[in-house]
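One file, final_33.pdb, carrying PDB, C-alpha atoms and all ligand atoms:
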```
ATOM      1  CA  MET A  14      21.315 -19.381 -58.197  1.00  0.00           C
ATOM      2  CA  ILE A  15      23.449 -18.778 -55.125  1.00  0.00           C
ATOM      3  CA  ILE A  16      22.722 -21.360 -52.437  1.00  0.00           C
ATOM      4  CA  ASP A  17      23.845 -21.102 -48.802  1.00  0.00           C
ATOM      5  CA  ILE A  18      26.914 -23.216 -48.169  1.00  0.00           C
ATOM      6  CA  THR A  19      26.352 -26.254 -45.936  1.00  0.00           C
ATOM      7  CA  LYS A  20      28.604 -25.787 -42.926  1.00  0.00           C
ATOM      8  CA  GLY A  21      29.954 -27.521 -39.859  1.00  0.00           C
ATOM      9  CA  PRO A  22      32.446 -30.272 -39.092  1.00  0.00           C
ATOM     10  CA  ASN A  23      29.704 -32.719 -38.050  1.00  0.00           C
ATOM     11  CA  ASN A  24      27.004 -31.768 -40.555  1.00  0.00           C
ATOM     12  CA  PRO A  25      25.443 -35.096 -41.694  1.00  0.00           C
ATOM     13  CA  ILE A  26      25.232 -33.928 -45.338  1.00  0.00           C
ATOM     14  CA  LEU A  27      28.975 -33.217 -45.341  1.00  0.00           C
ATOM     15  CA  ARG A  28      29.767 -36.461 -43.530  1.00  0.00           C
ATOM     16  CA  LYS A  29      27.804 -38.792 -45.812  1.00  0.00           C
ATOM     17  CA  LYS A  30      29.436 -40.707 -48.688  1.00  0.00           C
ATOM     18  CA  SER A  31      27.576 -39.415 -51.748  1.00  0.00           C
ATOM     19  CA  PRO A  32      26.184 -41.950 -54.243  1.00  0.00           C
ATOM     20  CA  ASP A  33      27.237 -41.984 -57.906  1.00  0.00           C
ATOM     21  CA  HIS A  34      25.599 -39.404 -60.101  1.00  0.00           C
ATOM     22  CA  GLY A  35      23.412 -41.091 -62.698  1.00  0.00           C
ATOM     23  CA  LYS A  36      22.537 -39.839 -66.147  1.00  0.00           C
ATOM     24  CA  ILE A  37      23.321 -36.220 -66.960  1.00  0.00           C
ATOM     25  CA  THR A  38      20.038 -34.356 -67.214  1.00  0.00           C
ATOM     26  CA  LYS A  39      18.823 -30.746 -67.081  1.00  0.00           C
ATOM     27  CA  LYS A  40      18.834 -31.186 -63.302  1.00  0.00           C
ATOM     28  CA  THR A  41      22.582 -31.930 -63.425  1.00  0.00           C
ATOM     29  CA  LEU A  42      23.259 -28.797 -65.451  1.00  0.00           C
ATOM     30  CA  LYS A  43      21.175 -26.726 -63.012  1.00  0.00           C
ATOM     31  CA  LEU A  44      23.125 -28.238 -60.111  1.00  0.00           C
ATOM     32  CA  LEU A  45      26.452 -27.391 -61.818  1.00  0.00           C
ATOM     33  CA  LYS A  46      25.287 -23.813 -62.382  1.00  0.00           C
ATOM     34  CA  ASP A  47      24.104 -23.397 -58.768  1.00  0.00           C
ATOM     35  CA  MET A  48      27.411 -24.844 -57.539  1.00  0.00           C
ATOM     36  CA  GLU A  49      29.378 -22.452 -59.759  1.00  0.00           C
ATOM     37  CA  ASP A  50      27.311 -19.426 -58.652  1.00  0.00           C
ATOM     38  CA  SER A  51      27.708 -20.384 -54.982  1.00  0.00           C
ATOM     39  CA  MET A  52      31.459 -20.976 -55.360  1.00  0.00           C
ATOM     40  CA  ILE A  53      32.048 -17.649 -57.099  1.00  0.00           C
ATOM     41  CA  ALA A  54      29.898 -15.782 -54.548  1.00  0.00           C
ATOM     42  CA  THR A  55      32.080 -17.125 -51.731  1.00  0.00           C
ATOM     43  CA  ASN A  56      35.438 -16.786 -53.556  1.00  0.00           C
ATOM     44  CA  GLY A  57      35.974 -20.542 -53.519  1.00  0.00           C
ATOM     45  CA  VAL A  58      38.468 -22.370 -55.738  1.00  0.00           C
ATOM     46  CA  GLY A  59      36.417 -25.576 -55.738  1.00  0.00           C
ATOM     47  CA  ILE A  60      33.074 -26.880 -54.539  1.00  0.00           C
ATOM     48  CA  ALA A  61      31.345 -30.231 -54.115  1.00  0.00           C
ATOM     49  CA  ALA A  62      27.579 -30.847 -54.422  1.00  0.00           C
ATOM     50  CA  PRO A  63      27.119 -31.698 -50.699  1.00  0.00           C
ATOM     51  CA  GLN A  64      28.312 -28.162 -49.940  1.00  0.00           C
ATOM     52  CA  ILE A  65      25.049 -26.857 -51.389  1.00  0.00           C
ATOM     53  CA  GLY A  66      23.100 -29.633 -49.725  1.00  0.00           C
ATOM     54  CA  VAL A  67      23.007 -32.276 -52.464  1.00  0.00           C
ATOM     55  CA  ASN A  68      24.529 -35.708 -51.811  1.00  0.00           C
ATOM     56  CA  THR A  69      25.719 -36.700 -55.276  1.00  0.00           C
ATOM     57  CA  ARG A  70      29.171 -37.193 -56.846  1.00  0.00           C
ATOM     58  CA  VAL A  71      29.515 -33.854 -58.655  1.00  0.00           C
ATOM     59  CA  VAL A  72      32.279 -31.293 -58.069  1.00  0.00           C
ATOM     60  CA  HIS A  73      33.778 -28.185 -59.609  1.00  0.00           C
ATOM     61  CA  ILE A  74      37.437 -27.391 -59.469  1.00  0.00           C
ATOM     62  CA  THR A  75      39.010 -24.253 -60.919  1.00  0.00           C
ATOM     63  CA  ILE A  76      41.940 -24.313 -63.287  1.00  0.00           C
ATOM     64  CA  GLY A  77      44.532 -21.954 -64.708  1.00  0.00           C
ATOM     65  CA  LYS A  78      45.479 -18.433 -63.741  1.00  0.00           C
ATOM     66  CA  GLU A  79      41.919 -17.252 -64.348  1.00  0.00           C
ATOM     67  CA  ARG A  80      40.595 -20.007 -62.091  1.00  0.00           C
ATOM     68  CA  LYS A  81      38.167 -21.183 -64.750  1.00  0.00           C
ATOM     69  CA  THR A  82      35.384 -23.435 -63.486  1.00  0.00           C
ATOM     70  CA  PHE A  83      35.935 -27.073 -64.435  1.00  0.00           C
ATOM     71  CA  PRO A  84      33.113 -29.542 -63.724  1.00  0.00           C
ATOM     72  CA  MET A  85      33.767 -33.191 -62.836  1.00  0.00           C
ATOM     73  CA  ILE A  86      30.973 -35.746 -62.554  1.00  0.00           C
ATOM     74  CA  ASN A  87      31.703 -39.022 -60.730  1.00  0.00           C
ATOM     75  CA  PRO A  88      35.387 -38.104 -60.319  1.00  0.00           C
ATOM     76  CA  GLU A  89      37.650 -40.954 -59.310  1.00  0.00           C
ATOM     77  CA  ILE A  90      41.347 -40.775 -58.474  1.00  0.00           C
ATOM     78  CA  LEU A  91      43.016 -43.603 -60.409  1.00  0.00           C
ATOM     79  CA  GLU A  92      46.587 -42.911 -59.384  1.00  0.00           C
ATOM     80  CA  CYS A  93      48.373 -40.417 -57.171  1.00  0.00           C
ATOM     81  CA  SER A  94      52.016 -39.517 -56.678  1.00  0.00           C
ATOM     82  CA  SER A  95      53.863 -40.970 -53.727  1.00  0.00           C
ATOM     83  CA  GLU A  96      55.569 -37.601 -53.530  1.00  0.00           C
ATOM     84  CA  THR A  97      53.551 -35.348 -51.237  1.00  0.00           C
ATOM     85  CA  GLU A  98      53.712 -31.825 -49.935  1.00  0.00           C
ATOM     86  CA  VAL A  99      52.125 -29.979 -47.056  1.00  0.00           C
ATOM     87  CA  GLU A 100      50.118 -26.845 -47.722  1.00  0.00           C
ATOM     88  CA  THR A 101      47.647 -24.767 -45.749  1.00  0.00           C
ATOM     89  CA  GLU A 102      44.019 -25.483 -46.616  1.00  0.00           C
ATOM     90  CA  GLY A 103      40.665 -24.007 -45.783  1.00  0.00           C
ATOM     91  CA  CYS A 104      37.111 -24.896 -46.792  1.00  0.00           C
ATOM     92  CA  LEU A 105      33.910 -22.985 -47.578  1.00  0.00           C
ATOM     93  CA  SER A 106      32.094 -25.327 -45.199  1.00  0.00           C
ATOM     94  CA  LEU A 107      34.454 -24.559 -42.294  1.00  0.00           C
ATOM     95  CA  PRO A 108      34.770 -20.779 -42.428  1.00  0.00           C
ATOM     96  CA  GLY A 109      37.653 -19.279 -40.498  1.00  0.00           C
ATOM     97  CA  LYS A 110      39.503 -22.580 -40.049  1.00  0.00           C
ATOM     98  CA  TRP A 111      42.893 -23.295 -41.611  1.00  0.00           C
ATOM     99  CA  GLY A 112      45.462 -26.001 -41.240  1.00  0.00           C
ATOM    100  CA  PRO A 113      48.319 -27.867 -42.897  1.00  0.00           C
ATOM    101  CA  VAL A 114      47.348 -30.844 -45.066  1.00  0.00           C
ATOM    102  CA  GLU A 115      49.678 -33.349 -46.698  1.00  0.00           C
ATOM    103  CA  ARG A 116      48.584 -34.349 -50.194  1.00  0.00           C
ATOM    104  CA  SER A 117      49.968 -35.914 -53.362  1.00  0.00           C
ATOM    105  CA  VAL A 118      51.720 -33.549 -55.760  1.00  0.00           C
ATOM    106  CA  TRP A 119      49.844 -34.990 -58.766  1.00  0.00           C
ATOM    107  CA  VAL A 120      46.824 -37.183 -59.376  1.00  0.00           C
ATOM    108  CA  LYS A 121      45.427 -39.008 -62.380  1.00  0.00           C
ATOM    109  CA  ALA A 122      41.646 -38.776 -62.320  1.00  0.00           C
ATOM    110  CA  LYS A 123      38.777 -40.207 -64.313  1.00  0.00           C
ATOM    111  CA  PHE A 124      35.535 -38.256 -64.577  1.00  0.00           C
ATOM    112  CA  THR A 125      32.616 -37.430 -66.845  1.00  0.00           C
ATOM    113  CA  ASN A 126      32.286 -33.902 -68.176  1.00  0.00           C
ATOM    114  CA  GLU A 127      29.047 -31.916 -68.479  1.00  0.00           C
ATOM    115  CA  LYS A 128      28.524 -33.293 -72.014  1.00  0.00           C
ATOM    116  CA  GLY A 129      28.593 -36.843 -70.697  1.00  0.00           C
ATOM    117  CA  GLU A 130      32.044 -37.644 -72.103  1.00  0.00           C
ATOM    118  CA  GLU A 131      34.427 -39.720 -70.030  1.00  0.00           C
ATOM    119  CA  ARG A 132      37.861 -38.206 -69.524  1.00  0.00           C
ATOM    120  CA  ILE A 133      41.121 -39.206 -67.874  1.00  0.00           C
ATOM    121  CA  MET A 134      43.400 -36.313 -66.965  1.00  0.00           C
ATOM    122  CA  LEU A 135      46.525 -35.592 -64.993  1.00  0.00           C
ATOM    123  CA  PHE A 136      46.320 -32.747 -62.480  1.00  0.00           C
ATOM    124  CA  ASP A 137      49.294 -31.267 -60.692  1.00  0.00           C
ATOM    125  CA  GLU A 138      50.242 -28.530 -58.254  1.00  0.00           C
ATOM    126  CA  PHE A 139      47.295 -26.450 -56.973  1.00  0.00           C
ATOM    127  CA  GLU A 140      44.774 -28.264 -59.184  1.00  0.00           C
ATOM    128  CA  ALA A 141      45.842 -31.661 -57.792  1.00  0.00           C
ATOM    129  CA  LYS A 142      45.179 -30.381 -54.259  1.00  0.00           C
ATOM    130  CA  ILE A 143      41.722 -29.126 -55.221  1.00  0.00           C
ATOM    131  CA  VAL A 144      40.815 -32.465 -56.876  1.00  0.00           C
ATOM    132  CA  GLN A 145      41.856 -34.345 -53.720  1.00  0.00           C
ATOM    133  CA  HIS A 146      39.952 -31.899 -51.481  1.00  0.00           C
ATOM    134  CA  GLU A 147      36.754 -32.126 -53.564  1.00  0.00           C
ATOM    135  CA  VAL A 148      36.863 -35.924 -53.977  1.00  0.00           C
ATOM    136  CA  ASP A 149      37.222 -36.082 -50.179  1.00  0.00           C
ATOM    137  CA  HIS A 150      33.985 -34.066 -49.892  1.00  0.00           C
ATOM    138  CA  ILE A 151      31.922 -36.579 -51.869  1.00  0.00           C
ATOM    139  CA  ASN A 152      33.333 -39.312 -49.623  1.00  0.00           C
ATOM    140  CA  GLY A 153      32.294 -37.454 -46.457  1.00  0.00           C
ATOM    141  CA  THR A 154      35.842 -36.430 -45.562  1.00  0.00           C
ATOM    142  CA  LEU A 155      36.814 -32.868 -44.589  1.00  0.00           C
ATOM    143  CA  PHE A 156      40.294 -31.334 -44.677  1.00  0.00           C
ATOM    144  CA  ILE A 157      40.317 -31.097 -40.879  1.00  0.00           C
ATOM    145  CA  ASP A 158      40.461 -34.922 -40.814  1.00  0.00           C
ATOM    146  CA  HIS A 159      43.961 -34.668 -42.342  1.00  0.00           C
ATOM    147  CA  VAL A 160      45.264 -31.867 -40.114  1.00  0.00           C
ATOM    148  CA  PRO A 161      47.654 -33.130 -37.420  1.00  0.00           C
ATOM    149  CA  GLU A 162      46.319 -32.748 -33.878  1.00  0.00           C
ATOM    150  CA  GLY A 163      46.792 -29.266 -32.466  1.00  0.00           C
ATOM    151  CA  LYS A 164      47.599 -27.721 -35.844  1.00  0.00           C
ATOM    152  CA  LEU A 165      44.128 -26.449 -36.786  1.00  0.00           C
ATOM    153  CA  ARG A 166      43.933 -22.702 -36.371  1.00  0.00           C
ATOM    154  CA  ASP A 167      41.549 -19.793 -36.778  1.00  0.00           C
ATOM    155  CA  LYS A 168      42.118 -17.423 -39.618  1.00  0.00           C
ATOM    156  CA  GLU A 169      44.382 -14.553 -38.694  1.00  0.00           C
TER     157      GLU A 169
HETATM  158 ZN    ZN B   1      35.998 -27.949 -48.875  1.00  0.00          ZN
END
```
Kindly return the structure encoded in the file as C-alpha cells.
Ligand SMILES: [Zn+2]
Amino acid sequence: MIIDITKGPNNPILRKKSPDHGKITKKTLKLLKDMEDSMIATNGVGIAAPQIGVNTRVVHITIGKERKTFPMINPEILECSSETEVETEGCLSLPGKWGPVERSVWVKAKFTNEKGEERIMLFDEFEAKIVQHEVDHINGTLFIDHVPEGKLRDKE
C-alpha cells in the first residue's frame, strides 16, 4: 500500500531517534511492503520507516543497475572509510531541496534481513551513500544537517 511520505525539516517523526525493531513478524513484512510501494511510487532510491510515519529501525536501500529493493532491519554502520566524497543529495521528505553532502566512500554495515538472518556487508559508491542517508533517518538526522550553510538549493 502506498502511504503518503512524511515531510518537513522539523517534522517530529523525522526528528526522533527510532527504537530498535524487535522480532520480525507479519507486521514487519507489511511495513517493508508499504515502504517499498511508497518508495517506488515516488521514484526513491531508498526509504526509512519514519518516512511513512513509523518510528522503528527499518530501511530499504536499492542496489544494482536495476535498483533492486534491499531491506535492512536494525542496520548499524560498523566501519566507514576515512576517504569521503561530496555528492548532491535530495530526500523524499524534503521535496525540491538539494545540496552537497560529504560522506564516506564505503561502509561496513550489520543488519538483519527480512528472514531474520544477521548479515554483515560492505557497501560502496552509490549504495554506501544510500546506507548512510537511511541510517541517518532512523537517528533523526536529515541530509540538510550535513549541507554547508548557504549551499542548500531548490531543484532547478
Ligand atoms: Zn531521505
Please report, as a Markdown table, each residue of chain A lying at most 9 Å from ligand ZN 1 (chain B), together with the nearest pair of atoms and the separation in Å rounded to one decimal; use all atoms listed in the file, and order rows by chain and ascending residue number.
```
| residue | atom | partner | partner_atom | distance |
| --- | --- | --- | --- | --- |
| A:Gly57 | CA | B:ZN1 | ZN | 8.7 |
| A:Gly59 | CA | B:ZN1 | ZN | 7.3 |
| A:Ile60 | CA | B:ZN1 | ZN | 6.5 |
| A:Ala61 | CA | B:ZN1 | ZN | 7.4 |
| A:Gln64 | CA | B:ZN1 | ZN | 7.8 |
| A:Glu102 | CA | B:ZN1 | ZN | 8.7 |
| A:Gly103 | CA | B:ZN1 | ZN | 6.8 |
| A:Cys104 | CA | B:ZN1 | ZN | 3.9 |
| A:Leu105 | CA | B:ZN1 | ZN | 5.5 |
| A:Ser106 | CA | B:ZN1 | ZN | 6.0 |
| A:Leu107 | CA | B:ZN1 | ZN | 7.6 |
| A:Ile143 | CA | B:ZN1 | ZN | 8.6 |
| A:His146 | CA | B:ZN1 | ZN | 6.2 |
| A:Glu147 | CA | B:ZN1 | ZN | 6.3 |
| A:Asp149 | CA | B:ZN1 | ZN | 8.3 |
| A:His150 | CA | B:ZN1 | ZN | 6.5 |
| A:Leu155 | CA | B:ZN1 | ZN | 6.6 |
| A:Phe156 | CA | B:ZN1 | ZN | 6.9 |
```
Interatomic distance (Å, one decimal) between CA of Glu127 in chain A and CA of Gly153 in chain A
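The value is 22.9 Å.
Between Leu45 in chain A and the residues A:Ile86, A:Ile76, A:Leu27, A:Val148, the shortest atom-to-atom distance, using only C-alpha atoms, involves A:Ile86.
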So, counting only C-alpha atoms, which residue among A:Ser117, A:Asn24, A:Thr154, A:Asn56 is closest to Ile90 in chain A?
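Smallest distance to Ile90 in chain A is found for A:Ser117.
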Report as a ChimeraX atom specification the full result of the PyMOL selection byres (((chain A and resi 159) around 12) and not hetatm) when it is applied to this structure.
/A:99-103,111-116,145-146,149,154-158,160-165
Select, counting only C-alpha atoms, all protein, DNA and RNA residues no farther than 7 Å from (27.2, -26.4, -46.0) in file coordinates, and express the selection as number ranges by chain.
A: 17-21, 64-66, 106
Going by the chain IDs and residue numbers used in this file, which residues fall under the PyMOL selection byres (((chain A and resi 70) around 6) and not hetatm)? Write them as an NGL selection string.
:A and (31 or 33-34 or 69 or 71 or 87 or 151)
Pairwise distance for CA of Glu89 in chain A and CA of Leu44 in chain A, rounded to one decimal in Å:
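For CA of Glu89 in chain A relative to CA of Leu44 in chain A, the distance reads 19.3 Å.
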Please identify all polymer residues within 10 Å of Val118 in chain A, counting all atoms listed in the file, omitting same-chain residues fewer than 6 positions from it, and present them as a PyMOL selection string.
chain A and resi 93-99+136-142
In Å to one decimal, how far is CA of Asp47 in chain A from CA of Arg80 in chain A?
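Spanning CA of Arg80 in chain A to CA of Asp47 in chain A is a straight-line distance of 17.2 Å.
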